[in-house]
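Source file final00.cif; content: mmCIF, C-alpha atoms.
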```
data_protein
loop_
_atom_site.label_atom_id
_atom_site.label_comp_id
_atom_site.auth_asym_id
_atom_site.auth_seq_id
_atom_site.Cartn_x
_atom_site.Cartn_y
_atom_site.Cartn_z
CA MET A 80 -171.93 -131.79 47.20
CA SER A 81 -171.07 -128.48 48.84
CA LYS A 82 -168.04 -127.87 50.98
CA GLU A 83 -170.27 -127.78 54.07
CA THR A 84 -171.72 -131.27 53.41
CA GLU A 85 -168.59 -132.87 51.95
CA PRO A 86 -167.11 -135.49 54.31
CA ALA A 87 -164.03 -134.39 56.22
CA SER A 88 -162.09 -137.29 54.69
CA GLY A 89 -162.87 -135.96 51.21
CA ARG A 90 -161.74 -132.46 52.10
CA GLY A 91 -158.59 -133.89 53.68
CA PHE A 92 -157.74 -135.91 50.58
CA ARG A 93 -158.33 -132.89 48.37
CA HIS A 94 -156.21 -130.70 50.65
CA ARG A 95 -153.30 -133.16 50.41
CA ALA A 96 -153.66 -134.02 46.73
CA LEU A 97 -153.96 -130.58 45.14
CA PRO A 98 -150.47 -129.30 46.15
CA ILE A 99 -148.91 -132.55 44.91
CA LEU A 100 -150.76 -132.31 41.61
CA THR A 101 -149.69 -128.67 41.23
CA LYS A 102 -146.04 -129.57 41.78
CA ALA A 103 -146.31 -132.46 39.31
CA LEU A 104 -147.94 -130.17 36.75
CA HIS A 105 -145.29 -127.48 37.17
CA GLY A 106 -142.35 -129.88 37.53
CA SER A 107 -143.08 -131.70 34.28
CA ALA A 108 -143.34 -128.49 32.25
CA PRO A 109 -139.58 -127.79 31.87
CA PHE A 110 -139.00 -131.25 30.33
CA ILE A 111 -141.73 -130.63 27.78
CA SER A 112 -140.44 -127.12 27.07
CA THR A 113 -136.92 -128.46 26.47
CA PHE A 114 -138.23 -131.08 24.03
CA LEU A 115 -140.34 -128.46 22.27
CA LEU A 116 -137.40 -126.10 21.73
CA ILE A 117 -135.17 -128.91 20.44
CA HIS A 118 -137.83 -130.40 18.18
CA LEU A 119 -138.93 -127.10 16.65
CA THR A 120 -135.39 -125.92 15.97
CA ALA A 121 -135.15 -128.34 13.04
CA PRO A 122 -137.97 -126.93 10.88
CA MET A 123 -136.91 -123.39 11.78
CA LEU A 124 -133.46 -124.06 10.29
CA ALA A 125 -135.06 -125.15 7.03
CA ASN A 126 -135.31 -121.42 6.31
CA LEU A 127 -131.51 -121.43 6.06
CA GLY A 128 -130.65 -124.83 4.64
CA GLY A 129 -133.82 -126.52 3.47
CA SER A 130 -134.84 -130.04 4.42
CA SER A 131 -131.25 -131.29 4.35
CA LEU A 132 -130.18 -129.09 7.26
CA ALA A 133 -133.51 -129.59 9.03
CA SER A 134 -133.20 -133.38 8.83
CA SER A 135 -129.63 -133.30 10.15
CA VAL A 136 -130.72 -131.24 13.16
CA LEU A 137 -133.75 -133.49 13.66
CA LEU A 138 -131.60 -136.62 13.81
CA LEU A 139 -129.24 -134.90 16.24
CA GLY A 140 -132.10 -133.80 18.48
CA ARG A 141 -133.39 -137.35 18.69
CA GLU A 142 -130.32 -138.23 20.72
CA TYR A 143 -132.08 -136.36 23.54
CA TYR A 144 -135.70 -137.42 23.25
CA GLN A 145 -135.80 -140.68 21.26
CA THR A 146 -133.36 -142.93 23.10
CA ASP A 147 -134.61 -145.77 25.31
CA PHE A 148 -134.15 -143.55 28.36
CA GLY A 149 -134.97 -140.18 26.86
CA GLU A 150 -138.27 -141.10 25.24
CA LYS A 151 -139.66 -142.70 28.39
CA TYR A 152 -138.37 -140.36 31.07
CA LEU A 153 -137.69 -137.05 29.32
CA LEU A 154 -140.66 -136.95 26.95
CA LEU A 155 -143.51 -139.44 27.33
CA GLY A 156 -143.33 -139.57 31.12
CA PRO A 157 -143.45 -135.78 31.60
CA LEU A 158 -146.22 -135.51 28.98
CA ALA A 159 -148.31 -138.11 30.82
CA VAL A 160 -147.66 -136.50 34.21
CA HIS A 161 -148.46 -133.04 32.90
CA SER A 162 -151.70 -134.11 31.23
CA LEU A 163 -153.02 -136.38 33.98
CA SER A 164 -152.13 -134.03 36.83
CA GLY A 165 -153.86 -131.18 35.01
CA ILE A 166 -157.04 -133.24 34.54
CA ALA A 167 -156.96 -134.52 38.13
CA LYS A 168 -156.45 -131.02 39.49
CA ARG A 169 -159.44 -129.80 37.51
CA LEU A 170 -161.63 -132.62 38.85
CA LEU A 171 -160.53 -132.15 42.47
CA SER A 172 -160.64 -128.35 42.64
CA PRO A 173 -163.26 -127.24 45.22
CA PRO A 174 -166.30 -125.27 44.05
CA LYS A 175 -165.21 -122.14 45.90
CA VAL A 176 -161.82 -122.22 44.16
CA PRO A 177 -162.77 -123.30 40.63
CA PRO A 178 -160.09 -124.36 38.13
CA ARG A 179 -159.02 -122.23 35.22
CA PRO A 180 -161.95 -121.92 32.75
CA TRP A 181 -162.06 -124.28 29.79
CA THR A 182 -162.20 -121.22 27.57
CA SER A 183 -158.88 -119.79 28.78
CA LEU A 184 -156.02 -119.81 26.28
CA LEU A 185 -153.92 -122.11 28.43
CA SER A 186 -156.73 -124.67 28.76
CA LEU A 187 -157.87 -124.54 25.13
CA THR A 188 -154.38 -124.97 23.67
CA GLY A 189 -153.45 -127.66 26.18
CA TYR A 190 -156.52 -129.83 25.63
CA ALA A 191 -156.50 -129.28 21.86
CA ASN A 192 -153.01 -130.73 21.70
CA MET A 193 -153.55 -133.44 24.30
CA LEU A 194 -156.81 -134.74 22.85
CA PHE A 195 -156.39 -134.11 19.12
CA PHE A 196 -153.22 -132.78 17.53
CA LEU A 197 -150.58 -134.62 19.56
CA PRO A 198 -152.13 -138.13 19.41
CA ILE A 199 -152.50 -137.90 15.63
CA HIS A 200 -148.96 -136.59 15.22
CA PHE A 201 -147.46 -139.23 17.51
CA MET A 202 -149.30 -142.14 15.91
CA THR A 203 -148.54 -141.00 12.35
CA HIS A 204 -144.87 -140.08 12.86
CA ARG A 205 -143.79 -142.46 15.61
CA VAL A 206 -146.07 -145.47 16.09
CA HIS A 207 -147.25 -146.38 12.58
CA PRO A 208 -143.75 -146.14 10.98
CA LYS A 209 -142.51 -148.79 13.45
CA THR A 210 -144.98 -151.38 12.10
CA PRO A 211 -142.83 -154.38 11.08
CA ALA A 212 -145.39 -155.96 8.73
CA PRO A 213 -145.48 -155.10 5.01
CA PRO A 214 -145.88 -152.74 3.31
CA ILE A 215 -144.37 -150.47 6.00
CA LEU A 216 -141.57 -152.80 7.11
CA ALA A 217 -140.50 -150.59 10.03
CA LEU A 218 -139.07 -147.39 8.60
CA GLY A 219 -135.61 -146.65 9.96
CA PRO A 220 -134.49 -143.37 11.58
CA SER A 221 -132.91 -142.10 8.37
CA GLU A 222 -136.21 -142.68 6.55
CA LEU A 223 -138.15 -140.72 9.18
CA ASP A 224 -136.59 -137.38 8.38
CA PHE A 225 -138.26 -134.37 6.77
CA GLU A 226 -138.78 -136.28 3.52
CA PHE A 227 -141.54 -138.03 5.47
CA VAL A 228 -143.04 -134.63 6.32
CA LYS A 229 -142.63 -133.41 2.74
CA TYR A 230 -144.49 -136.48 1.47
CA GLY A 231 -147.43 -135.71 3.75
CA LEU A 232 -147.48 -132.08 2.67
CA ALA A 233 -147.41 -133.08 -1.00
CA LYS A 234 -150.02 -135.85 -0.86
CA PHE A 235 -152.33 -134.50 1.86
CA PRO A 236 -151.74 -130.73 1.77
CA TRP A 237 -154.75 -129.30 3.59
CA ARG A 238 -154.81 -132.00 6.27
CA SER A 239 -151.06 -131.80 6.85
CA TRP A 240 -151.02 -128.01 7.07
CA PHE A 241 -153.98 -128.04 9.44
CA LEU A 242 -152.41 -130.69 11.69
CA TYR A 243 -148.88 -129.28 11.68
CA GLY A 244 -150.08 -125.70 11.98
CA GLY A 245 -152.55 -126.46 14.76
CA LEU A 246 -149.99 -128.47 16.69
CA VAL A 247 -147.32 -125.78 16.48
CA VAL A 248 -149.64 -122.85 17.24
CA CYS A 249 -151.23 -124.57 20.24
CA ALA A 250 -147.88 -125.82 21.56
CA VAL A 251 -146.17 -122.42 21.35
CA LEU A 252 -149.08 -120.47 22.84
CA HIS A 253 -149.40 -123.00 25.66
CA PHE A 254 -145.65 -122.88 26.24
CA VAL A 255 -145.51 -119.08 26.42
CA ASP A 256 -148.62 -118.66 28.57
CA GLY A 257 -147.61 -121.55 30.83
CA ASP A 258 -144.10 -120.21 31.36
CA ARG A 259 -145.58 -116.85 32.31
CA LEU A 260 -147.68 -118.61 34.94
CA LEU A 261 -144.65 -120.50 36.28
CA PHE A 262 -142.60 -117.32 36.45
CA ASN A 263 -145.30 -115.50 38.39
CA THR A 264 -145.72 -118.45 40.75
CA TYR A 265 -142.08 -119.00 41.63
CA PHE A 266 -140.35 -115.71 40.89
CA GLY A 267 -143.17 -113.16 40.96
CA GLU A 268 -142.52 -111.91 44.48
CA SER A 269 -138.75 -111.56 44.12
CA MET A 270 -138.51 -110.40 40.51
CA GLY A 271 -141.90 -108.85 39.87
CA ARG A 272 -144.94 -110.44 38.30
CA ILE A 273 -145.57 -110.43 34.58
CA LYS A 274 -148.81 -108.48 34.44
CA ALA A 275 -151.74 -109.13 32.16
CA ALA A 276 -150.82 -106.11 30.06
CA SER A 277 -147.56 -107.80 29.09
CA ARG A 278 -149.20 -111.13 28.29
CA LYS A 279 -150.28 -110.20 24.77
CA ARG A 280 -146.81 -108.86 24.05
CA LEU A 281 -145.22 -112.15 25.17
CA LEU A 282 -147.63 -114.17 23.06
CA ALA A 283 -146.84 -111.99 20.05
CA ILE A 284 -143.10 -112.41 20.63
CA GLY A 285 -143.49 -116.19 20.92
CA THR A 286 -145.44 -116.26 17.67
CA ALA A 287 -142.89 -114.09 15.88
CA LEU A 288 -139.81 -115.93 17.16
CA VAL A 289 -141.06 -119.52 17.03
CA THR A 290 -144.39 -120.13 15.30
CA LEU A 291 -143.78 -118.09 12.16
CA PRO A 292 -140.21 -119.37 11.55
CA VAL A 293 -141.35 -122.97 12.05
CA LEU A 294 -144.24 -122.63 9.61
CA ALA A 295 -142.07 -120.67 7.18
CA GLY A 296 -139.46 -123.44 7.28
CA THR A 297 -142.18 -126.02 6.69
CA TYR A 298 -143.34 -124.00 3.68
CA VAL A 299 -139.79 -123.92 2.30
CA MET A 300 -139.57 -127.70 2.57
CA SER A 301 -143.00 -128.17 0.98
CA LYS A 302 -141.69 -126.46 -2.17
CA GLU A 303 -138.74 -128.83 -2.52
CA PRO A 304 -138.98 -131.92 -4.71
CA LEU A 305 -139.35 -135.26 -2.95
CA MET A 306 -136.03 -137.07 -2.67
CA ILE A 307 -137.19 -140.62 -1.93
CA LEU A 308 -137.37 -143.89 -3.81
CA SER A 309 -140.73 -145.08 -5.10
CA THR A 310 -140.57 -148.09 -2.76
CA THR A 311 -140.00 -145.79 0.22
CA ALA A 312 -142.89 -143.59 -0.92
CA GLU A 313 -145.18 -146.63 -0.87
CA ARG A 314 -144.11 -147.45 2.69
CA ILE A 315 -144.65 -143.86 3.81
CA GLN A 316 -148.05 -143.82 2.13
CA ALA A 317 -148.95 -146.91 4.15
CA CYS A 318 -148.01 -145.08 7.37
CA PHE A 319 -150.36 -142.21 6.59
CA SER A 320 -153.08 -144.61 5.46
CA LYS A 321 -153.22 -146.19 8.92
CA SER A 322 -154.50 -142.89 10.35
CA PRO A 323 -158.27 -142.36 9.98
CA ILE A 324 -157.86 -138.64 9.38
CA TYR A 325 -155.76 -139.31 6.26
CA LYS A 326 -158.44 -141.64 4.89
CA LEU A 327 -161.06 -138.90 4.74
#
```

Mind converting the file's structure to structure tokens?
Amino acid sequence: MSKETEPASGRGFRHRALPILTKALHGSAPFISTFLLIHLTAPMLANLGGSSLASSVLLLGREYYQTDFGEKYLLLGPLAVHSLSGIAKRLLSPPKVPPRPWTSLLSLTGYANMLFFLPIHFMTHRVHPKTPAPPILALGPSELDFEFVKYGLAKFPWRSWFLYGGLVVCAVLHFVDGDRLLFNTYFGESMGRIKAASRKRLLAIGTALVTLPVLAGTYVMSKEPLMILSTTAERIQACFSKSPIYKL
């Protein structure tokens, strides 16, 4: 239906909804960015102190995003708002002002994480380990450190590297490109817009400062011996086995 034939009520709803969706999309981004920086700091520090230091930082970071309040309102809530408002905005955008193309970097990285990498990661590392029934028996926080990650890298190397690597690359590129968009939207007039010529430089900086150190730290940990009991290894194996992608 064209704009000319669309009912006035439909245009009015769209006119009211799109600014709200934009604010929800932008307002949820800082919460996700904060989580991302905290969460990725741990594997980065493995370059300095191996999995021991990385696990200590991971457990400390969970005080922000894995408490009863933090997980709901500082992580899962903003993720849901960000994803749903982005989809709704795409569906409601008028034909004469089309949404950002699916093929844009921001869209591709966002939907790749939302629809593929993030659900697998969350189910494997958060939901399945909480299963109270045997053989998992609800892994505790101290058992869900980087020994869990090291087990996956050792037993399922190509799948784990693909899933971890894809998640990190997409998250960092989306973060950098999205923050550029937010800066231009809210500070572009007063501080000067970040032009397209600088975009590639920012993406390269984000890759150099975040993506490469995270993956390098993961590689360091993958070369360490596993430091878990055989009974714990069986429980971790059961967590991975609940994911269809690890059954392939």

Could I get the residues of segment 235-325 of chain A with an atom no further than 7 Å from an atom of segment 174-185 of chain A, each paired with its nearest atom pair and that distance in Å to one decimal, using all atoms listed in the file, sorted by chain and residue number, as CSV?
```
residue,atom,partner,partner_atom,distance
A:His253,CA,A:Leu185,CA,5.4
A:Asp256,CA,A:Leu185,CA,6.3
A:Gly257,CA,A:Leu185,CA,6.8
```

Show me a table, sorted first by chain and then by increasing residue number, of the residues of segment 137-189 of chain A having an atom at most 10 Å from segment 104-126 of chain A, each with its shortest atom pair and the distance in Å to one decimal, counting only C-alpha atoms and written as a tab-separated table.
```
residue	atom	partner	partner_atom	distance
A:Leu137	CA	A:Ala121	CA	5.4
A:Leu138	CA	A:Ala121	CA	9.0
A:Leu139	CA	A:Ala121	CA	9.4
A:Gly140	CA	A:Ile117	CA	6.1
A:Arg141	CA	A:His118	CA	8.3
A:Tyr143	CA	A:Phe114	CA	8.1
A:Tyr144	CA	A:Phe114	CA	6.9
A:Tyr152	CA	A:Phe110	CA	9.2
A:Leu153	CA	A:Phe110	CA	6.0
A:Leu154	CA	A:Ile111	CA	6.5
A:Leu155	CA	A:Ile111	CA	9.0
A:Gly156	CA	A:Ser107	CA	8.5
A:Pro157	CA	A:Ser107	CA	4.9
A:Leu158	CA	A:Ile111	CA	6.7
A:Ala159	CA	A:Ser107	CA	9.0
A:Val160	CA	A:Ser107	CA	6.6
A:His161	CA	A:Leu104	CA	4.8
A:Ser162	CA	A:Leu104	CA	7.8
A:Leu163	CA	A:Leu104	CA	8.5
A:Ser164	CA	A:Leu104	CA	5.7
A:Gly165	CA	A:Leu104	CA	6.3
A:Ile166	CA	A:Leu104	CA	9.9
A:Lys168	CA	A:Leu104	CA	9.0
```

Using the selection just defined, write its residues with C-alpha atoms as a PDB file, in the coordinates of the input.
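Output contents, as saved in out.pdb:
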```pdb
ATOM      1  CA  LEU A 137    -133.750-133.490  13.660  1.00  0.00           C
ATOM      2  CA  LEU A 138    -131.600-136.620  13.810  1.00  0.00           C
ATOM      3  CA  LEU A 139    -129.240-134.900  16.240  1.00  0.00           C
ATOM      4  CA  GLY A 140    -132.100-133.800  18.480  1.00  0.00           C
ATOM      5  CA  ARG A 141    -133.390-137.350  18.690  1.00  0.00           C
ATOM      6  CA  TYR A 143    -132.080-136.360  23.540  1.00  0.00           C
ATOM      7  CA  TYR A 144    -135.700-137.420  23.250  1.00  0.00           C
ATOM      8  CA  TYR A 152    -138.370-140.360  31.070  1.00  0.00           C
ATOM      9  CA  LEU A 153    -137.690-137.050  29.320  1.00  0.00           C
ATOM     10  CA  LEU A 154    -140.660-136.950  26.950  1.00  0.00           C
ATOM     11  CA  LEU A 155    -143.510-139.440  27.330  1.00  0.00           C
ATOM     12  CA  GLY A 156    -143.330-139.570  31.120  1.00  0.00           C
ATOM     13  CA  PRO A 157    -143.450-135.780  31.600  1.00  0.00           C
ATOM     14  CA  LEU A 158    -146.220-135.510  28.980  1.00  0.00           C
ATOM     15  CA  ALA A 159    -148.310-138.110  30.820  1.00  0.00           C
ATOM     16  CA  VAL A 160    -147.660-136.500  34.210  1.00  0.00           C
ATOM     17  CA  HIS A 161    -148.460-133.040  32.900  1.00  0.00           C
ATOM     18  CA  SER A 162    -151.700-134.110  31.230  1.00  0.00           C
ATOM     19  CA  LEU A 163    -153.020-136.380  33.980  1.00  0.00           C
ATOM     20  CA  SER A 164    -152.130-134.030  36.830  1.00  0.00           C
ATOM     21  CA  GLY A 165    -153.860-131.180  35.010  1.00  0.00           C
ATOM     22  CA  ILE A 166    -157.040-133.240  34.540  1.00  0.00           C
ATOM     23  CA  LYS A 168    -156.450-131.020  39.490  1.00  0.00           C
TER      24      LYS A 168
END
```

Result set of the PyMOL selection byres ((chain A and resi 217-227) around 7) on the coordinates above, as a list in words: Ser130, Ser134, Pro208, Lys209, Thr210, Pro211, Ile215, Leu216, Val228, Lys229, Tyr230, Gly231, Leu305, Met306 and Ile315 of chain A

Nearest residue to Leu97 of chain A from the set A:Val136, A:Leu242, A:Leu171, A:Val251 (distances using only C-alpha atoms): A:Leu171

Leu232 of chain A surroundings by all atoms listed in the file, 12 Å radius, close-in-sequence under 2 positions cut, as a PyMOL selection string: chain A and resi 225-230+234-244+297-305+316+319+325

Nearest candidate to Cys249 of chain A (options A:Leu197, A:Ala295, A:Met202, A:Ala212; using all atoms listed in the file): A:Leu197

Report as AutoDock Vina command-line options the centre and the edge lengths, in Å to one decimal, of the axis-aligned box holding every listed atom of segment 121-126 of chain A, padded by 6 Å on each side.
```
--center_x -135.7 --center_y -124.9 --center_z 9.7 --size_x 16.5 --size_y 18.9 --size_z 18.7
```

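Between atom CA of Arg280 of chain A and atom CA of Asn263 of chain A there is a distance of 15.9 Å.
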
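Between atom CA of Pro98 of chain A and atom CA of Glu150 of chain A lies a distance of 26.9 Å.
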
Residues selected by the PyMOL selection byres ((chain A and resi 192) around 10), written as a list in words: Leu187, Thr188, Gly189, Tyr190, Ala191, Met193, Leu194, Phe195, Phe196, Leu197, Pro198, Ile199, His200, Gly245, Leu246, Val247, Val248, Cys249, Ala250 and His253 of chain A

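Shortest separation to Arg93 of chain A among A:Glu142, A:Ser277, A:Gly128, A:Pro173 occurs at residue A:Pro173, atoms counted being only C-alpha atoms.
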
Shortest interatomic distance to Ser322 of chain A - which of A:Arg95, A:Lys102, A:Arg205, A:Lys151, counting all atoms listed in the file: A:Arg205

Two-atom distance - atom CA of Leu100 of chain A, atom CA of Arg259 of chain A (Å): 18.8 Å

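Minimum atom-to-atom distances from A:Leu281, A:Pro214, A:Lys274, A:Phe92 to Ala312 of chain A were compared using all atoms listed in the file, and the lowest value belongs to A:Pro214.
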
Shortest interatomic distance to Ser320 of chain A - which of A:Leu127, A:Ala96, A:His204, A:Leu260, counting all atoms listed in the file: A:His204
